[in-house]
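A.B. asks: Sharing a structure with you now.
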Amino acid sequence: MSAIGLGLDTTFDDTSVAILRGKREILANLTLSQYKDHEEFGGVVPERASRKHLEVIHHLIADALKEAQLDFSGIDYIAVSNHPGLLGSLLVGLTVAKSLAYTLQCPLIGVNHVESHPYANVLIHGEMQFPILHLVVAGGHTLLIKARDHFDYKIIGRSLDDAAGECVDKVAKMFGHPMPGGPVVDRAAQEFPGDAFDFPRPLMHKNEHNFSFSGLKTAMLRFREQNPDISSSSKNSSNPLLAEGPILSAFFQSVVDVLLHKTFKAAKFYGLNNISVSGGLAASRKLRSAFEEESARKGIQLFYPPPNLCTDNAAMVTCLAAHRFEAQQFDDLKLDAFPNLIC
Ligand code: KG4
Ligand code: ZN
């Protein structure tokens, strides 16, 4: 019989609970987003995020068990992302996970949230095809990871400043769009294709496999300051993207060009023929089609999850934990939470 894991993810501003049978069968995957709770503050307020996780997590666990038609006695192990993220938010998930593992007397498995993003692909496409290059493009991280096997990987590139998702969210905000900015920017890219503006593509041909997005963000801020009327005209339009659409589209083209160029260059450098893209930005139709075209041209096998598994979810966390469970790699109740990627 396949083991059943209950996984929690409270790294940032989404509370997510999943129940997984074996490594791939999702029995429940429930996520509550807090975007609306932070909107009035213009960004995520850490204290408020932790309180919100605390308010909903037990209800989500109960709902997930109901959806999976299980009670706690059917759970074989507890998974939790214990880094990276907001410390207060992480501690909510970790404390609940420890209490469950202690009460149920079952193994506890701590997971690196960023390492788990590529595992969203395993849920959909089957076991990981090693060796593989992972591009993780999330709100807080932009990473290139070369993986030889499960738990055997090396980060070969990262953003030296802002993550791509952070840059996208901030630029969308400059034009009056609330969090998360990715979907609206992606919509602009669909509706207004073309290069009406030529924005910078930072580090495109420099610094090996690393990224930088803060220069592009600053260029967009300067552009915005020089064109203060743009989004006020759009407010009166039936299409709210009419005025800034071509600008956001050209901006996103810069982001996608850099991600694409760096990823395929790294794949060539390391002789890797499998690429996975994961994290919230991987939900973008623009990014997916650009990667698909390039993969077809280069004979690369490309994997990306469906949109609901690109953004934060506990199913990917539990999927990675299921591999750890099989390898009997358990943690104990001393497991701690860490804000950073590497603990
Ligand atoms: O992976 P994720 O949910 O959270 C982190 O782990 O950080 O990623 C969130 C990021 C945000 O920047 C958000 O704007 C972006 O993913 N995003 C999208 C889409 N949905 C979310 N970007 C482009 N197109 C989307 N459909
Ligand atoms: Zn994430």
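Residue names in the structure tokens use chain letters A, B, ... in the order shown, residue numbers from 1 in each chain, and ligand numbers from 1 in the order shown.
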Return as a ChimeraX atom specification the residues of protein, DNA or RNA that approach ligand 1 to within 10 Å, with only C-alpha atoms and all ligand atoms taken into account.

C.D. replies: /A:11-14,33,84-85,113-114,116-117,136-142,163-170,172,178-187,189,252,278-288,307-313

A.B. asks: Running DSSP on the backbone, which parts of stretch 121-341 of chain A land in helix (DSSP H, G or I), as number ranges by chain?

C.D. replies: A: 121-125, 164-174, 182-191, 214-226, 230-235, 245-270, 280-283, 285-298, 307-310, 314-326

A.B. asks: When distances are computed from only C-alpha atoms and all ligand atoms, which of A:Gly110, A:Pro118, A:Pro228, A:Gly157 shows the smallest separation from ligand 2?

C.D. replies: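 Nearest to ligand 2: A:Pro118.
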
A.B. asks: Counting only C-alpha atoms, what is within 7 Å of A:Ser159, bar same-chain residues fewer than 3 positions away, as a PyMOL selection string?

C.D. replies: chain A and resi 142-143+162-163+210-212

A.B. asks: Under the rule that only C-alpha atoms and all ligand atoms are counted, which of A:Leu86, A:Met1, A:Ala266, A:Val122 is the nearest residue to ligand 2?

C.D. replies: A:Leu86

A.B. asks: Which one is closest to A:Leu335: A:Ile109, A:Asn29, A:Ala3, A:His53? Count only C-alpha atoms.

C.D. replies: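 For A:Leu335, the nearest of the given residues is A:Ile109.
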